[in-house]
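What follows is the content of coords-v1.pdb (PDB, N, CA and C atoms, pLDDT in the B column).
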ATOM      1  N   THR T 195       0.844  -1.190   0.000  1.00 59.00           N
ATOM      2  CA  THR T 195       0.000   0.000   0.000  1.00 59.00           C
ATOM      3  C   THR T 195       0.883   1.246   0.000  1.00 59.00           C
ATOM      4  N   SER T 196       0.380   2.293  -0.602  1.00 71.00           N
ATOM      5  CA  SER T 196       1.153   3.531  -0.640  1.00 71.00           C
ATOM      6  C   SER T 196       0.522   4.563   0.287  1.00 71.00           C
ATOM      7  N   MET T 197       1.342   5.538   0.669  1.00 68.00           N
ATOM      8  CA  MET T 197       0.869   6.600   1.558  1.00 68.00           C
ATOM      9  C   MET T 197       0.026   7.591   0.769  1.00 68.00           C
ATOM     10  N   PRO T 198      -0.942   8.247   1.440  1.00 79.00           N
ATOM     11  CA  PRO T 198      -1.664   9.323   0.754  1.00 79.00           C
ATOM     12  C   PRO T 198      -0.686  10.398   0.282  1.00 79.00           C
ATOM     13  N   ALA T 199      -1.047  11.108  -0.779  1.00 78.00           N
ATOM     14  CA  ALA T 199      -0.147  12.083  -1.398  1.00 78.00           C
ATOM     15  C   ALA T 199       0.323  13.149  -0.422  1.00 78.00           C
ATOM     16  N   ASP T 200      -0.565  13.628   0.463  1.00 90.00           N
ATOM     17  CA  ASP T 200      -0.151  14.693   1.383  1.00 90.00           C
ATOM     18  C   ASP T 200       0.865  14.182   2.402  1.00 90.00           C
ATOM     19  N   ILE T 201       0.683  12.973   2.885  1.00 90.00           N
ATOM     20  CA  ILE T 201       1.642  12.400   3.831  1.00 90.00           C
ATOM     21  C   ILE T 201       2.975  12.147   3.131  1.00 90.00           C
ATOM     22  N   GLU T 202       2.910  11.672   1.905  1.00 90.00           N
ATOM     23  CA  GLU T 202       4.135  11.439   1.133  1.00 90.00           C
ATOM     24  C   GLU T 202       4.887  12.749   0.904  1.00 90.00           C
ATOM     25  N   ALA T 203       4.166  13.822   0.597  1.00 89.00           N
ATOM     26  CA  ALA T 203       4.799  15.130   0.365  1.00 89.00           C
ATOM     27  C   ALA T 203       5.465  15.627   1.652  1.00 89.00           C
ATOM     28  N   ILE T 204       4.794  15.456   2.784  1.00 90.00           N
ATOM     29  CA  ILE T 204       5.367  15.875   4.066  1.00 90.00           C
ATOM     30  C   ILE T 204       6.621  15.052   4.367  1.00 90.00           C
ATOM     31  N   ALA T 205       6.539  13.748   4.184  1.00 91.00           N
ATOM     32  CA  ALA T 205       7.691  12.878   4.435  1.00 91.00           C
ATOM     33  C   ALA T 205       8.862  13.271   3.539  1.00 91.00           C
ATOM     34  N   GLU T 206       8.576  13.569   2.276  1.00 92.00           N
ATOM     35  CA  GLU T 206       9.637  13.970   1.347  1.00 92.00           C
ATOM     36  C   GLU T 206      10.304  15.258   1.819  1.00 92.00           C
ATOM     37  N   GLN T 207       9.514  16.211   2.285  1.00 92.00           N
ATOM     38  CA  GLN T 207      10.059  17.480   2.770  1.00 92.00           C
ATOM     39  C   GLN T 207      10.922  17.266   4.014  1.00 92.00           C
ATOM     40  N   VAL T 208      10.464  16.417   4.931  1.00 94.00           N
ATOM     41  CA  VAL T 208      11.229  16.131   6.154  1.00 94.00           C
ATOM     42  C   VAL T 208      12.539  15.441   5.814  1.00 94.00           C
ATOM     43  N   PHE T 209      12.485  14.412   4.968  1.00 95.00           N
ATOM     44  CA  PHE T 209      13.708  13.696   4.619  1.00 95.00           C
ATOM     45  C   PHE T 209      14.682  14.580   3.846  1.00 95.00           C
ATOM     46  N   ALA T 210      14.170  15.455   2.998  1.00 93.00           N
ATOM     47  CA  ALA T 210      15.041  16.378   2.266  1.00 93.00           C
ATOM     48  C   ALA T 210      15.730  17.325   3.245  1.00 93.00           C
ATOM     49  N   ALA T 211      14.995  17.802   4.240  1.00 94.00           N
ATOM     50  CA  ALA T 211      15.585  18.696   5.237  1.00 94.00           C
ATOM     51  C   ALA T 211      16.658  17.969   6.047  1.00 94.00           C
ATOM     52  N   LEU T 212      16.380  16.722   6.408  1.00 95.00           N
ATOM     53  CA  LEU T 212      17.322  15.956   7.228  1.00 95.00           C
ATOM     54  C   LEU T 212      18.511  15.416   6.438  1.00 95.00           C
ATOM     55  N   ALA T 213      18.434  15.452   5.128  1.00 96.00           N
ATOM     56  CA  ALA T 213      19.529  14.934   4.302  1.00 96.00           C
ATOM     57  C   ALA T 213      20.777  15.800   4.401  1.00 96.00           C
ATOM     58  N   ASP T 214      20.609  17.056   4.782  1.00 96.00           N
ATOM     59  CA  ASP T 214      21.739  17.980   4.837  1.00 96.00           C
ATOM     60  C   ASP T 214      22.430  17.911   6.200  1.00 96.00           C
ATOM     61  N   PRO T 215      23.741  17.636   6.227  1.00 96.00           N
ATOM     62  CA  PRO T 215      24.445  17.519   7.510  1.00 96.00           C
ATOM     63  C   PRO T 215      24.434  18.809   8.327  1.00 96.00           C
ATOM     64  N   THR T 216      24.408  19.951   7.661  1.00 96.00           N
ATOM     65  CA  THR T 216      24.357  21.221   8.391  1.00 96.00           C
ATOM     66  C   THR T 216      23.044  21.346   9.140  1.00 96.00           C
ATOM     67  N   ARG T 217      21.947  20.983   8.482  1.00 96.00           N
ATOM     68  CA  ARG T 217      20.648  21.062   9.159  1.00 96.00           C
ATOM     69  C   ARG T 217      20.569  20.058  10.298  1.00 96.00           C
ATOM     70  N   ARG T 218      21.169  18.892  10.127  1.00 97.00           N
ATOM     71  CA  ARG T 218      21.197  17.921  11.244  1.00 97.00           C
ATOM     72  C   ARG T 218      22.007  18.479  12.407  1.00 97.00           C
ATOM     73  N   ALA T 219      23.100  19.190  12.122  1.00 96.00           N
ATOM     74  CA  ALA T 219      23.909  19.801  13.188  1.00 96.00           C
ATOM     75  C   ALA T 219      23.116  20.885  13.907  1.00 96.00           C
ATOM     76  N   ILE T 220      22.338  21.652  13.169  1.00 96.00           N
ATOM     77  CA  ILE T 220      21.497  22.680  13.791  1.00 96.00           C
ATOM     78  C   ILE T 220      20.462  22.029  14.694  1.00 96.00           C
ATOM     79  N   LEU T 221      19.806  20.979  14.211  1.00 96.00           N
ATOM     80  CA  LEU T 221      18.819  20.276  15.041  1.00 96.00           C
ATOM     81  C   LEU T 221      19.471  19.688  16.288  1.00 96.00           C
ATOM     82  N   ALA T 222      20.661  19.131  16.145  1.00 96.00           N
ATOM     83  CA  ALA T 222      21.366  18.565  17.303  1.00 96.00           C
ATOM     84  C   ALA T 222      21.690  19.657  18.317  1.00 96.00           C
ATOM     85  N   ALA T 223      22.111  20.830  17.833  1.00 95.00           N
ATOM     86  CA  ALA T 223      22.424  21.944  18.729  1.00 95.00           C
ATOM     87  C   ALA T 223      21.173  22.405  19.461  1.00 95.00           C
ATOM     88  N   LEU T 224      20.047  22.455  18.758  1.00 96.00           N
ATOM     89  CA  LEU T 224      18.793  22.851  19.400  1.00 96.00           C
ATOM     90  C   LEU T 224      18.320  21.790  20.394  1.00 96.00           C
ATOM     91  N   ALA T 225      18.497  20.525  20.028  1.00 95.00           N
ATOM     92  CA  ALA T 225      18.067  19.440  20.918  1.00 95.00           C
ATOM     93  C   ALA T 225      18.881  19.425  22.215  1.00 95.00           C
ATOM     94  N   SER T 226      20.166  19.720  22.116  1.00 95.00           N
ATOM     95  CA  SER T 226      21.012  19.675  23.311  1.00 95.00           C
ATOM     96  C   SER T 226      21.002  20.978  24.090  1.00 95.00           C
ATOM     97  N   GLY T 227      20.801  22.109  23.396  1.00 93.00           N
ATOM     98  CA  GLY T 227      20.901  23.401  24.065  1.00 93.00           C
ATOM     99  C   GLY T 227      19.600  24.144  24.244  1.00 93.00           C
ATOM    100  N   GLY T 228      18.511  23.618  23.702  1.00 93.00           N
ATOM    101  CA  GLY T 228      17.230  24.294  23.825  1.00 93.00           C
ATOM    102  C   GLY T 228      17.073  25.411  22.814  1.00 93.00           C
ATOM    103  N   PRO T 229      16.022  26.207  22.968  1.00 94.00           N
ATOM    104  CA  PRO T 229      15.749  27.286  22.015  1.00 94.00           C
ATOM    105  C   PRO T 229      16.949  28.213  21.847  1.00 94.00           C
ATOM    106  N   ALA T 230      17.142  28.677  20.620  1.00 94.00           N
ATOM    107  CA  ALA T 230      18.284  29.544  20.329  1.00 94.00           C
ATOM    108  C   ALA T 230      17.959  30.401  19.121  1.00 94.00           C
ATOM    109  N   THR T 231      18.597  31.548  19.056  1.00 93.00           N
ATOM    110  CA  THR T 231      18.478  32.408  17.873  1.00 93.00           C
ATOM    111  C   THR T 231      19.508  31.962  16.845  1.00 93.00           C
ATOM    112  N   ALA T 232      19.361  32.473  15.628  1.00 93.00           N
ATOM    113  CA  ALA T 232      20.357  32.190  14.589  1.00 93.00           C
ATOM    114  C   ALA T 232      21.730  32.683  15.030  1.00 93.00           C
ATOM    115  N   THR T 233      21.773  33.810  15.730  1.00 94.00           N
ATOM    116  CA  THR T 233      23.042  34.351  16.230  1.00 94.00           C
ATOM    117  C   THR T 233      23.659  33.410  17.259  1.00 94.00           C
ATOM    118  N   ASP T 234      22.832  32.875  18.174  1.00 95.00           N
ATOM    119  CA  ASP T 234      23.316  31.909  19.169  1.00 95.00           C
ATOM    120  C   ASP T 234      23.907  30.679  18.486  1.00 95.00           C
ATOM    121  N   LEU T 235      23.183  30.173  17.491  1.00 95.00           N
ATOM    122  CA  LEU T 235      23.637  28.973  16.784  1.00 95.00           C
ATOM    123  C   LEU T 235      24.920  29.238  16.005  1.00 95.00           C
ATOM    124  N   ALA T 236      25.044  30.429  15.431  1.00 95.00           N
ATOM    125  CA  ALA T 236      26.258  30.777  14.678  1.00 95.00           C
ATOM    126  C   ALA T 236      27.468  30.811  15.605  1.00 95.00           C
ATOM    127  N   ALA T 237      27.258  31.162  16.870  1.00 95.00           N
ATOM    128  CA  ALA T 237      28.363  31.175  17.834  1.00 95.00           C
ATOM    129  C   ALA T 237      28.784  29.750  18.194  1.00 95.00           C
ATOM    130  N   ARG T 238      27.856  28.789  18.104  1.00 93.00           N
ATOM    131  CA  ARG T 238      28.145  27.400  18.471  1.00 93.00           C
ATOM    132  C   ARG T 238      28.605  26.548  17.300  1.00 93.00           C
ATOM    133  N   LEU T 239      28.239  26.945  16.085  1.00 94.00           N
ATOM    134  CA  LEU T 239      28.531  26.128  14.902  1.00 94.00           C
ATOM    135  C   LEU T 239      29.398  26.924  13.921  1.00 94.00           C
ATOM    136  N   PRO T 240      30.159  26.226  13.097  1.00 94.00           N
ATOM    137  CA  PRO T 240      31.023  26.930  12.125  1.00 94.00           C
ATOM    138  C   PRO T 240      30.250  27.356  10.876  1.00 94.00           C
ATOM    139  N   ILE T 241      29.153  28.105  11.096  1.00 93.00           N
ATOM    140  CA  ILE T 241      28.273  28.515  10.011  1.00 93.00           C
ATOM    141  C   ILE T 241      27.888  29.972  10.261  1.00 93.00           C
ATOM    142  N   THR T 242      27.726  30.751   9.201  1.00 95.00           N
ATOM    143  CA  THR T 242      27.334  32.145   9.385  1.00 95.00           C
ATOM    144  C   THR T 242      25.884  32.238   9.855  1.00 95.00           C
ATOM    145  N   ARG T 243      25.547  33.359  10.472  1.00 95.00           N
ATOM    146  CA  ARG T 243      24.183  33.577  10.947  1.00 95.00           C
ATOM    147  C   ARG T 243      23.203  33.556   9.780  1.00 95.00           C
ATOM    148  N   GLN T 244      23.619  34.141   8.643  1.00 96.00           N
ATOM    149  CA  GLN T 244      22.747  34.175   7.471  1.00 96.00           C
ATOM    150  C   GLN T 244      22.466  32.763   6.955  1.00 96.00           C
ATOM    151  N   ALA T 245      23.487  31.920   6.911  1.00 96.00           N
ATOM    152  CA  ALA T 245      23.300  30.538   6.460  1.00 96.00           C
ATOM    153  C   ALA T 245      22.391  29.787   7.430  1.00 96.00           C
ATOM    154  N   ILE T 246      22.594  30.003   8.724  1.00 96.00           N
ATOM    155  CA  ILE T 246      21.745  29.343   9.712  1.00 96.00           C
ATOM    156  C   ILE T 246      20.297  29.781   9.537  1.00 96.00           C
ATOM    157  N   ALA T 247      20.069  31.067   9.301  1.00 94.00           N
ATOM    158  CA  ALA T 247      18.708  31.561   9.103  1.00 94.00           C
ATOM    159  C   ALA T 247      18.040  30.862   7.914  1.00 94.00           C
ATOM    160  N   LYS T 248      18.783  30.658   6.832  1.00 95.00           N
ATOM    161  CA  LYS T 248      18.235  29.966   5.663  1.00 95.00           C
ATOM    162  C   LYS T 248      17.914  28.510   5.999  1.00 95.00           C
ATOM    163  N   HIS T 249      18.829  27.846   6.722  1.00 96.00           N
ATOM    164  CA  HIS T 249      18.595  26.453   7.108  1.00 96.00           C
ATOM    165  C   HIS T 249      17.406  26.355   8.064  1.00 96.00           C
ATOM    166  N   LEU T 250      17.287  27.302   8.997  1.00 95.00           N
ATOM    167  CA  LEU T 250      16.153  27.299   9.927  1.00 95.00           C
ATOM    168  C   LEU T 250      14.829  27.478   9.180  1.00 95.00           C
ATOM    169  N   ALA T 251      14.830  28.303   8.145  1.00 94.00           N
ATOM    170  CA  ALA T 251      13.613  28.494   7.353  1.00 94.00           C
ATOM    171  C   ALA T 251      13.197  27.184   6.698  1.00 94.00           C
ATOM    172  N   LEU T 252      14.165  26.471   6.145  1.00 94.00           N
ATOM    173  CA  LEU T 252      13.864  25.189   5.511  1.00 94.00           C
ATOM    174  C   LEU T 252      13.382  24.163   6.536  1.00 94.00           C
ATOM    175  N   LEU T 253      14.028  24.129   7.706  1.00 95.00           N
ATOM    176  CA  LEU T 253      13.602  23.221   8.775  1.00 95.00           C
ATOM    177  C   LEU T 253      12.196  23.583   9.255  1.00 95.00           C
ATOM    178  N   GLY T 254      11.900  24.874   9.278  1.00 94.00           N
ATOM    179  CA  GLY T 254      10.561  25.318   9.658  1.00 94.00           C
ATOM    180  C   GLY T 254       9.509  24.885   8.657  1.00 94.00           C
ATOM    181  N   GLU T 255       9.824  25.012   7.366  1.00 92.00           N
ATOM    182  CA  GLU T 255       8.893  24.592   6.317  1.00 92.00           C
ATOM    183  C   GLU T 255       8.598  23.099   6.415  1.00 92.00           C
ATOM    184  N   ALA T 256       9.579  22.323   6.862  1.00 93.00           N
ATOM    185  CA  ALA T 256       9.400  20.884   7.012  1.00 93.00           C
ATOM    186  C   ALA T 256       8.728  20.534   8.346  1.00 93.00           C
ATOM    187  N   GLY T 257       8.485  21.547   9.174  1.00 92.00           N
ATOM    188  CA  GLY T 257       7.830  21.300  10.449  1.00 92.00           C
ATOM    189  C   GLY T 257       8.742  20.773  11.537  1.00 92.00           C
ATOM    190  N   LEU T 258      10.048  20.903  11.339  1.00 95.00           N
ATOM    191  CA  LEU T 258      11.005  20.346  12.304  1.00 95.00           C
ATOM    192  C   LEU T 258      11.424  21.346  13.375  1.00 95.00           C
ATOM    193  N   VAL T 259      11.266  22.631  13.119  1.00 95.00           N
ATOM    194  CA  VAL T 259      11.500  23.679  14.119  1.00 95.00           C
ATOM    195  C   VAL T 259      10.343  24.667  14.033  1.00 95.00           C
ATOM    196  N   THR T 260      10.136  25.374  15.130  1.00 93.00           N
ATOM    197  CA  THR T 260       9.073  26.369  15.173  1.00 93.00           C
ATOM    198  C   THR T 260       9.672  27.696  15.587  1.00 93.00           C
ATOM    199  N   PRO T 261       9.517  28.721  14.748  1.00 88.00           N
ATOM    200  CA  PRO T 261      10.039  30.036  15.138  1.00 88.00           C
ATOM    201  C   PRO T 261       9.231  30.600  16.307  1.00 88.00           C
ATOM    202  N   GLN T 262       9.903  31.337  17.165  1.00 84.00           N
ATOM    203  CA  GLN T 262       9.239  31.998  18.279  1.00 84.00           C
ATOM    204  C   GLN T 262       9.618  33.465  18.255  1.00 84.00           C
ATOM    205  N   SER T 263       8.666  34.323  18.577  1.00 75.00           N
ATOM    206  CA  SER T 263       8.980  35.743  18.648  1.00 75.00           C
ATOM    207  C   SER T 263       9.560  36.054  20.034  1.00 75.00           C
ATOM    208  N   ALA T 264      10.387  37.074  20.074  1.00 63.00           N
ATOM    209  CA  ALA T 264      11.089  37.420  21.315  1.00 63.00           C
ATOM    210  C   ALA T 264      10.144  37.940  22.372  1.00 63.00           C
TER     211      ALA T 264
END
Translate the structure described by the file into structure tokens.
Amino acid sequence: TSMPADIEAIAEQVFAALADPTRRAILAALASGGPATATDLAARLPITRQAIAKHLALLGEAGLVTPQSA
């Protein structure tokens, strides 16, 4: 049996997001350190704040992170 199209699309988006080692490192940093800004993550990882912001947007679209307002 196959998955419904919407579930398949969501799964594809999640797996695509997780395929990137940088995004996995960001998720690991969030999992171990709790909520953080892109600036906080840039201080912990060898990635620019701008790159982290782009990766966070993609992770958000996949439903893996949730942005919070200050």
Expected answer as a VMD selection string: helix (DSSP H, G or I) residues in stretch 199-252 of chain T | chain T and resid 199 to 212 215 to 227 232 to 238 243 to 252
Choose the residue, out of T:Ala203, T:Ala211, T:Leu239, T:Leu224, that has the smallest atom-to-atom separation from T:Ala251; count only C-alpha atoms.
-> T:Ala211
Of the residues T:Ala237, T:His249, T:Thr242, T:Ile201, which is the one nearest to T:Ile220, using only C-alpha atoms?
-> T:His249
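Reported to one decimal place, the separation of atom N of T:Val259 from atom CA of T:Ile246 is 12.9 Å.
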Point (15.6, 22.7, 14.9) neighbourhood (9 Å, only C-alpha atoms) written as an MDAnalysis selection string | chainID T and resid 217:225 229 250 253:254 258:260
I would like the residues chosen by the PyMOL selection byres (((chain T and resi 208 and name CA) around 9) and name CA) on the shown file; could you give them as a short mmCIF file (atom, residue, chain, number, x, y, z; two decimals) with N, CA and C atoms, keeping the file's coordinate frame?
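Everything below was put into expr-v7.cif:
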data_model
loop_
_atom_site.label_atom_id
_atom_site.label_comp_id
_atom_site.auth_asym_id
_atom_site.auth_seq_id
_atom_site.Cartn_x
_atom_site.Cartn_y
_atom_site.Cartn_z
N ALA T 203 4.17 13.82 0.60
CA ALA T 203 4.80 15.13 0.36
C ALA T 203 5.46 15.63 1.65
N ILE T 204 4.79 15.46 2.78
CA ILE T 204 5.37 15.88 4.07
C ILE T 204 6.62 15.05 4.37
N ALA T 205 6.54 13.75 4.18
CA ALA T 205 7.69 12.88 4.43
C ALA T 205 8.86 13.27 3.54
N GLU T 206 8.58 13.57 2.28
CA GLU T 206 9.64 13.97 1.35
C GLU T 206 10.30 15.26 1.82
N GLN T 207 9.51 16.21 2.28
CA GLN T 207 10.06 17.48 2.77
C GLN T 207 10.92 17.27 4.01
N PHE T 209 12.48 14.41 4.97
CA PHE T 209 13.71 13.70 4.62
C PHE T 209 14.68 14.58 3.85
N ALA T 210 14.17 15.46 3.00
CA ALA T 210 15.04 16.38 2.27
C ALA T 210 15.73 17.32 3.24
N ALA T 211 15.00 17.80 4.24
CA ALA T 211 15.58 18.70 5.24
C ALA T 211 16.66 17.97 6.05
N LEU T 212 16.38 16.72 6.41
CA LEU T 212 17.32 15.96 7.23
C LEU T 212 18.51 15.42 6.44
N ALA T 213 18.43 15.45 5.13
CA ALA T 213 19.53 14.93 4.30
C ALA T 213 20.78 15.80 4.40
N LEU T 253 14.03 24.13 7.71
CA LEU T 253 13.60 23.22 8.78
C LEU T 253 12.20 23.58 9.26
N GLU T 255 9.82 25.01 7.37
CA GLU T 255 8.89 24.59 6.32
C GLU T 255 8.60 23.10 6.42
N ALA T 256 9.58 22.32 6.86
CA ALA T 256 9.40 20.88 7.01
C ALA T 256 8.73 20.53 8.35
N GLY T 257 8.48 21.55 9.17
CA GLY T 257 7.83 21.30 10.45
C GLY T 257 8.74 20.77 11.54
N LEU T 258 10.05 20.90 11.34
CA LEU T 258 11.00 20.35 12.30
C LEU T 258 11.42 21.35 13.38
#
Axis-aligned box for stretch 235-254 of chain T, 6 Å per side, centre and edges in Å as JSON:
{"center_x": 20.3, "center_y": 28.7, "center_z": 12.0, "size_x": 33.5, "size_y": 23.0, "size_z": 25.0}
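Distance-wise, atom N of T:Ser263 and atom CA of T:Ala230 end up 10.9 Å apart.
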Rounded to one decimal place, report the atom CA of T:Pro261-atom CA of T:Thr231 distance in Å.
->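 Atom CA of T:Thr231 lies at a distance of 9.2 Å from atom CA of T:Pro261.
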Of the residues T:Gly228, T:Glu202, T:Ser196, T:Thr216, which is the one nearest to T:Pro240, using only C-alpha atoms?
-> T:Thr216
